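Student: Just so it is clear, I am handing over input-v4.pdb, which has PDB, N, CA and C atoms.
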ATOM      1  N   MET A   1      11.638 -15.979   7.636
ATOM      2  CA  MET A   1      12.056 -14.948   8.565
ATOM      3  C   MET A   1      13.014 -13.967   7.888
ATOM      4  N   LEU A   2      14.053 -14.524   7.293
ATOM      5  CA  LEU A   2      15.054 -13.655   6.671
ATOM      6  C   LEU A   2      14.460 -12.875   5.506
ATOM      7  N   GLY A   3      13.546 -13.515   4.773
ATOM      8  CA  GLY A   3      12.904 -12.832   3.662
ATOM      9  C   GLY A   3      12.074 -11.643   4.122
ATOM     10  N   ASN A   4      11.382 -11.796   5.248
ATOM     11  CA  ASN A   4      10.595 -10.689   5.784
ATOM     12  C   ASN A   4      11.490  -9.550   6.269
ATOM     13  N   LEU A   5      12.592  -9.887   6.901
ATOM     14  CA  LEU A   5      13.501  -8.846   7.378
ATOM     15  C   LEU A   5      14.160  -8.104   6.213
ATOM     16  N   ILE A   6      14.541  -8.834   5.181
ATOM     17  CA  ILE A   6      15.123  -8.191   4.004
ATOM     18  C   ILE A   6      14.070  -7.345   3.298
ATOM     19  N   GLY A   7      12.850  -7.863   3.229
ATOM     20  CA  GLY A   7      11.765  -7.106   2.609
ATOM     21  C   GLY A   7      11.470  -5.819   3.345
ATOM     22  N   SER A   8      11.477  -5.871   4.674
ATOM     23  CA  SER A   8      11.223  -4.648   5.440
ATOM     24  C   SER A   8      12.378  -3.654   5.269
ATOM     25  N   PHE A   9      13.603  -4.149   5.149
ATOM     26  CA  PHE A   9      14.736  -3.261   4.899
ATOM     27  C   PHE A   9      14.613  -2.589   3.540
ATOM     28  N   ILE A  10      14.178  -3.341   2.534
ATOM     29  CA  ILE A  10      13.996  -2.775   1.197
ATOM     30  C   ILE A  10      12.896  -1.722   1.211
ATOM     31  N   VAL A  11      11.822  -1.980   1.951
ATOM     32  CA  VAL A  11      10.736  -0.998   2.060
ATOM     33  C   VAL A  11      11.250   0.298   2.669
ATOM     34  N   VAL A  12      12.068   0.188   3.698
ATOM     35  CA  VAL A  12      12.613   1.387   4.339
ATOM     36  C   VAL A  12      13.539   2.142   3.391
ATOM     37  N   VAL A  13      14.404   1.443   2.708
ATOM     38  CA  VAL A  13      15.355   2.107   1.812
ATOM     39  C   VAL A  13      14.639   2.799   0.655
ATOM     40  N   VAL A  14      13.729   2.096   0.002
ATOM     41  CA  VAL A  14      13.024   2.681  -1.141
ATOM     42  C   VAL A  14      12.082   3.793  -0.671
ATOM     43  N   GLY A  15      11.387   3.553   0.437
ATOM     44  CA  GLY A  15      10.447   4.552   0.940
ATOM     45  C   GLY A  15      11.121   5.836   1.370
ATOM     46  N   THR A  16      12.242   5.729   2.050
ATOM     47  CA  THR A  16      12.935   6.937   2.480
ATOM     48  C   THR A  16      13.622   7.655   1.321
ATOM     49  N   SER A  17      13.990   6.907   0.298
ATOM     50  CA  SER A  17      14.582   7.587  -0.857
ATOM     51  C   SER A  17      13.523   8.321  -1.681
ATOM     52  N   LEU A  18      12.270   7.903  -1.587
ATOM     53  CA  LEU A  18      11.194   8.581  -2.304
ATOM     54  C   LEU A  18      10.525   9.679  -1.483
ATOM     55  N   ALA A  19      10.809   9.755  -0.188
ATOM     56  CA  ALA A  19      10.170  10.755   0.671
ATOM     57  C   ALA A  19      10.452  12.196   0.228
ATOM     58  N   PRO A  20      11.669  12.561  -0.163
ATOM     59  CA  PRO A  20      11.879  13.938  -0.635
ATOM     60  C   PRO A  20      11.088  14.269  -1.904
ATOM     61  N   THR A  21      10.911  13.296  -2.767
ATOM     62  CA  THR A  21      10.121  13.513  -3.976
ATOM     63  C   THR A  21       8.656  13.756  -3.632
ATOM     64  N   VAL A  22       8.140  12.984  -2.685
ATOM     65  CA  VAL A  22       6.763  13.185  -2.236
ATOM     66  C   VAL A  22       6.615  14.564  -1.613
ATOM     67  N   ALA A  23       7.556  14.949  -0.767
ATOM     68  CA  ALA A  23       7.489  16.257  -0.114
ATOM     69  C   ALA A  23       7.581  17.395  -1.128
ATOM     70  N   GLN A  24       8.414  17.242  -2.126
ATOM     71  CA  GLN A  24       8.552  18.277  -3.146
ATOM     72  C   GLN A  24       7.261  18.431  -3.944
ATOM     73  N   ASN A  25       6.658  17.317  -4.314
ATOM     74  CA  ASN A  25       5.419  17.389  -5.080
ATOM     75  C   ASN A  25       4.262  17.929  -4.259
ATOM     76  N   VAL A  26       4.246  17.637  -2.969
ATOM     77  CA  VAL A  26       3.223  18.215  -2.095
ATOM     78  C   VAL A  26       3.421  19.726  -2.011
ATOM     79  N   GLY A  27       4.660  20.165  -1.883
ATOM     80  CA  GLY A  27       4.945  21.595  -1.850
ATOM     81  C   GLY A  27       4.549  22.300  -3.135
ATOM     82  N   LEU A  28       4.801  21.655  -4.261
ATOM     83  CA  LEU A  28       4.402  22.232  -5.545
ATOM     84  C   LEU A  28       2.885  22.325  -5.665
ATOM     85  N   ALA A  29       2.187  21.312  -5.167
ATOM     86  CA  ALA A  29       0.727  21.335  -5.221
ATOM     87  C   ALA A  29       0.161  22.416  -4.314
ATOM     88  N   GLN A  30       0.789  22.636  -3.164
ATOM     89  CA  GLN A  30       0.322  23.689  -2.259
ATOM     90  C   GLN A  30       0.624  25.074  -2.828
ATOM     91  N   ALA A  31       1.719  25.212  -3.530
ATOM     92  CA  ALA A  31       2.091  26.512  -4.082
ATOM     93  C   ALA A  31       1.263  26.888  -5.305
ATOM     94  N   ASP A  32       0.542  25.923  -5.837
ATOM     95  CA  ASP A  32      -0.281  26.180  -7.020
ATOM     96  C   ASP A  32      -1.338  27.240  -6.751
ATOM     97  N   GLY A  33      -1.884  27.275  -5.557
ATOM     98  CA  GLY A  33      -2.837  28.314  -5.188
ATOM     99  C   GLY A  33      -4.289  27.935  -5.354
ATOM    100  N   ASN A  34      -4.573  26.811  -5.972
ATOM    101  CA  ASN A  34      -5.959  26.400  -6.162
ATOM    102  C   ASN A  34      -6.518  25.658  -4.964
ATOM    103  N   ILE A  35      -5.683  25.314  -4.000
ATOM    104  CA  ILE A  35      -6.109  24.552  -2.835
ATOM    105  C   ILE A  35      -6.029  25.463  -1.614
ATOM    106  N   THR A  36      -7.128  25.590  -0.896
ATOM    107  CA  THR A  36      -7.160  26.454   0.281
ATOM    108  C   THR A  36      -7.883  25.747   1.415
ATOM    109  N   GLY A  37      -7.735  26.294   2.589
ATOM    110  CA  GLY A  37      -8.475  25.828   3.757
ATOM    111  C   GLY A  37      -8.064  24.447   4.225
ATOM    112  N   ALA A  38      -9.082  23.641   4.520
ATOM    113  CA  ALA A  38      -8.845  22.303   5.068
ATOM    114  C   ALA A  38      -8.138  21.408   4.061
ATOM    115  N   SER A  39      -8.415  21.600   2.799
ATOM    116  CA  SER A  39      -7.752  20.788   1.773
ATOM    117  C   SER A  39      -6.252  21.041   1.760
ATOM    118  N   ASP A  40      -5.856  22.280   1.966
ATOM    119  CA  ASP A  40      -4.441  22.624   2.016
ATOM    120  C   ASP A  40      -3.774  21.983   3.235
ATOM    121  N   THR A  41      -4.487  21.979   4.352
ATOM    122  CA  THR A  41      -3.943  21.358   5.562
ATOM    123  C   THR A  41      -3.751  19.865   5.380
ATOM    124  N   LEU A  42      -4.746  19.205   4.829
ATOM    125  CA  LEU A  42      -4.638  17.764   4.621
ATOM    126  C   LEU A  42      -3.575  17.426   3.588
ATOM    127  N   LEU A  43      -3.450  18.245   2.575
ATOM    128  CA  LEU A  43      -2.398  18.026   1.584
ATOM    129  C   LEU A  43      -1.019  18.186   2.221
ATOM    130  N   GLY A  44      -0.891  19.119   3.151
ATOM    131  CA  GLY A  44       0.374  19.307   3.850
ATOM    132  C   GLY A  44       0.742  18.124   4.732
ATOM    133  N   LEU A  45      -0.256  17.384   5.191
ATOM    134  CA  LEU A  45      -0.002  16.215   6.033
ATOM    135  C   LEU A  45       0.300  14.951   5.234
ATOM    136  N   THR A  46       0.247  15.041   3.928
ATOM    137  CA  THR A  46       0.474  13.867   3.084
ATOM    138  C   THR A  46       1.862  13.285   3.293
ATOM    139  N   THR A  47       2.866  14.114   3.410
ATOM    140  CA  THR A  47       4.230  13.621   3.618
ATOM    141  C   THR A  47       4.356  12.901   4.949
ATOM    142  N   LEU A  48       3.734  13.444   5.986
ATOM    143  CA  LEU A  48       3.754  12.787   7.291
ATOM    144  C   LEU A  48       3.100  11.416   7.217
ATOM    145  N   PHE A  49       1.928  11.341   6.591
ATOM    146  CA  PHE A  49       1.241  10.056   6.478
ATOM    147  C   PHE A  49       2.029   9.072   5.633
ATOM    148  N   TYR A  50       2.717   9.551   4.617
ATOM    149  CA  TYR A  50       3.559   8.682   3.796
ATOM    150  C   TYR A  50       4.690   8.079   4.632
ATOM    151  N   CYS A  51       5.365   8.909   5.394
ATOM    152  CA  CYS A  51       6.469   8.414   6.227
ATOM    153  C   CYS A  51       5.973   7.466   7.316
ATOM    154  N   LEU A  52       4.823   7.764   7.892
ATOM    155  CA  LEU A  52       4.250   6.860   8.894
ATOM    156  C   LEU A  52       3.869   5.518   8.278
ATOM    157  N   ALA A  53       3.366   5.528   7.056
ATOM    158  CA  ALA A  53       3.016   4.278   6.386
ATOM    159  C   ALA A  53       4.253   3.439   6.097
ATOM    160  N   ILE A  54       5.325   4.076   5.704
ATOM    161  CA  ILE A  54       6.579   3.349   5.458
ATOM    162  C   ILE A  54       7.081   2.707   6.752
ATOM    163  N   ALA A  55       7.087   3.478   7.830
ATOM    164  CA  ALA A  55       7.567   2.959   9.112
ATOM    165  C   ALA A  55       6.680   1.831   9.626
ATOM    166  N   THR A  56       5.376   1.996   9.529
ATOM    167  CA  THR A  56       4.449   0.989  10.037
ATOM    168  C   THR A  56       4.537  -0.301   9.237
ATOM    169  N   SER A  57       4.614  -0.196   7.920
ATOM    170  CA  SER A  57       4.677  -1.407   7.111
ATOM    171  C   SER A  57       5.979  -2.168   7.323
ATOM    172  N   SER A  58       7.073  -1.461   7.507
ATOM    173  CA  SER A  58       8.341  -2.158   7.740
ATOM    174  C   SER A  58       8.366  -2.807   9.118
ATOM    175  N   MET A  59       7.794  -2.137  10.120
ATOM    176  CA  MET A  59       7.737  -2.740  11.456
ATOM    177  C   MET A  59       6.832  -3.970  11.464
ATOM    178  N   ALA A  60       5.713  -3.900  10.761
ATOM    179  CA  ALA A  60       4.806  -5.044  10.715
ATOM    180  C   ALA A  60       5.456  -6.226  10.006
ATOM    181  N   SER A  61       6.153  -5.966   8.919
ATOM    182  CA  SER A  61       6.820  -7.037   8.195
ATOM    183  C   SER A  61       7.929  -7.673   9.041
ATOM    184  N   ALA A  62       8.677  -6.860   9.751
ATOM    185  CA  ALA A  62       9.727  -7.401  10.625
ATOM    186  C   ALA A  62       9.121  -8.189  11.778
ATOM    187  N   ALA A  63       8.014  -7.718  12.329
ATOM    188  CA  ALA A  63       7.367  -8.439  13.426
ATOM    189  C   ALA A  63       6.842  -9.792  12.954
ATOM    190  N   ILE A  64       6.294  -9.852  11.746
ATOM    191  CA  ILE A  64       5.817 -11.126  11.216
ATOM    192  C   ILE A  64       6.983 -12.089  11.011
ATOM    193  N   GLY A  65       8.096 -11.596  10.523
ATOM    194  CA  GLY A  65       9.270 -12.439  10.350
ATOM    195  C   GLY A  65       9.806 -12.964  11.663
ATOM    196  N   LEU A  66       9.848 -12.119  12.677
ATOM    197  CA  LEU A  66      10.324 -12.569  13.981
ATOM    198  C   LEU A  66       9.341 -13.537  14.644
ATOM    199  N   ARG A  67       8.050 -13.324  14.417
ATOM    200  CA  ARG A  67       7.050 -14.240  14.974
ATOM    201  C   ARG A  67       7.155 -15.611  14.317
ATOM    202  N   ASN A  68       7.393 -15.644  13.001
ATOM    203  CA  ASN A  68       7.560 -16.918  12.299
ATOM    204  C   ASN A  68       8.807 -17.657  12.764
ATOM    205  N   ALA A  69       9.818 -16.918  13.174
ATOM    206  CA  ALA A  69      11.050 -17.543  13.653
ATOM    207  C   ALA A  69      10.929 -17.988  15.106
ATOM    208  N   GLY A  70       9.899 -17.547  15.791
ATOM    209  CA  GLY A  70       9.719 -17.918  17.195
ATOM    210  C   GLY A  70      10.439 -17.022  18.161
ATOM    211  N   TRP A  71      10.918 -15.897  17.720
ATOM    212  CA  TRP A  71      11.632 -14.964  18.587
ATOM    213  C   TRP A  71      10.702 -13.990  19.258
ATOM    214  N   MET A  72       9.448 -13.953  18.802
ATOM    215  CA  MET A  72       8.528 -12.978  19.356
ATOM    216  C   MET A  72       7.189 -13.607  19.597
TER
END
Take the structure in the file and give it back as structure tokens.

Tutor:
Amino acid sequence: MLGNLIGSFIVVVVGTSLAPTVAQNVGLAQADGNITGASDTLLGLTTLFYCLAIATSSMASAAIGLRNAGWM
């Protein structure tokens, strides 16, 4: 249980510290000019999907830890 909770905390800390780097690189790729239309839109959503993946994985890991402890 405690290992899962600590693991989910580490995922949140590392993931949120890397989010600005992901956003910066997405912005640089969009500013390149070779990507247009739907590809540009999907590339712009990459940061959102990254943050959602971090949040979802940490919540799932915490839920598994709480379920193993019998709290959920």

Student: Could you check the closest approach to Leu48 (chain A) for each of A:Leu2, A:Val13, A:Val22, A:Ala69 and tell me which residue wins, using only C-alpha atoms?

Tutor: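 Closest to Leu48 (chain A), using only C-alpha atoms: A:Val22.
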
Student: Give me, as JSON lines, each residue of region 8-34 of chain A that comes within 8 Å of region 56-68 of chain A, together with its shortest interatomic pair and the distance in Å at one decimal, counting only C-alpha atoms, with rows ordered by chain and rising residue number.

Tutor:
{"residue": "A:Ser8", "atom": "CA", "partner": "A:Ser58", "partner_atom": "CA", "distance": 4.4}
{"residue": "A:Phe9", "atom": "CA", "partner": "A:Ser58", "partner_atom": "CA", "distance": 7.1}
{"residue": "A:Val11", "atom": "CA", "partner": "A:Ser58", "partner_atom": "CA", "distance": 6.3}
{"residue": "A:Val12", "atom": "CA", "partner": "A:Ser58", "partner_atom": "CA", "distance": 6.5}

Student: Taking the DSSP assignment computed from this structure's backbone, write out as a ChimeraX atom specification all residues of region 19-56 of chain A that belong to helix (DSSP H, G or I).

Tutor: /A:19-31,38-44,46-56

Student: Put the listed atoms of region 44-61 of chain A in a box along x, y and z with 4 Å added on every side and give me the centre and edge lengths in Å to one decimal, as lines of an AutoDock Vina configuration file.

Tutor:
center_x = 3.7
center_y = 5.8
center_z = 7.3
size_x = 17.3
size_y = 35.0
size_z = 16.4

Student: How far is it from CA of Gly7 (chain A) to CA of Val26 (chain A), in Å with one decimal?

Tutor: 27.1 Å

Student: Looking at all atoms listed in the file, which of A:Met72, A:Asn4, A:Gly33, A:Gly15 is the one that sits closest to Ala55 (chain A)?

Tutor: A:Gly15

Student: Can you tell me, as a list in words, what residues are no more than 12 Å from Ala29 (chain A) when counting only C-alpha atoms, ignoring any on the same chain fewer than 6 positions away?

Tutor: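 With the cut-off at 12 Å, the set is Val22, Ala23, Ile35, Thr36, Ser39, Asp40, Thr41, Leu42, Leu43, Gly44 and Thr46 of chain A.
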
Student: Find the distance between CA of Thr21 (chain A) and CA of Ala38 (chain A) and write it in Å to one decimal.

Tutor: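 Separation of CA of Thr21 (chain A) and CA of Ala38 (chain A): 22.8 Å.
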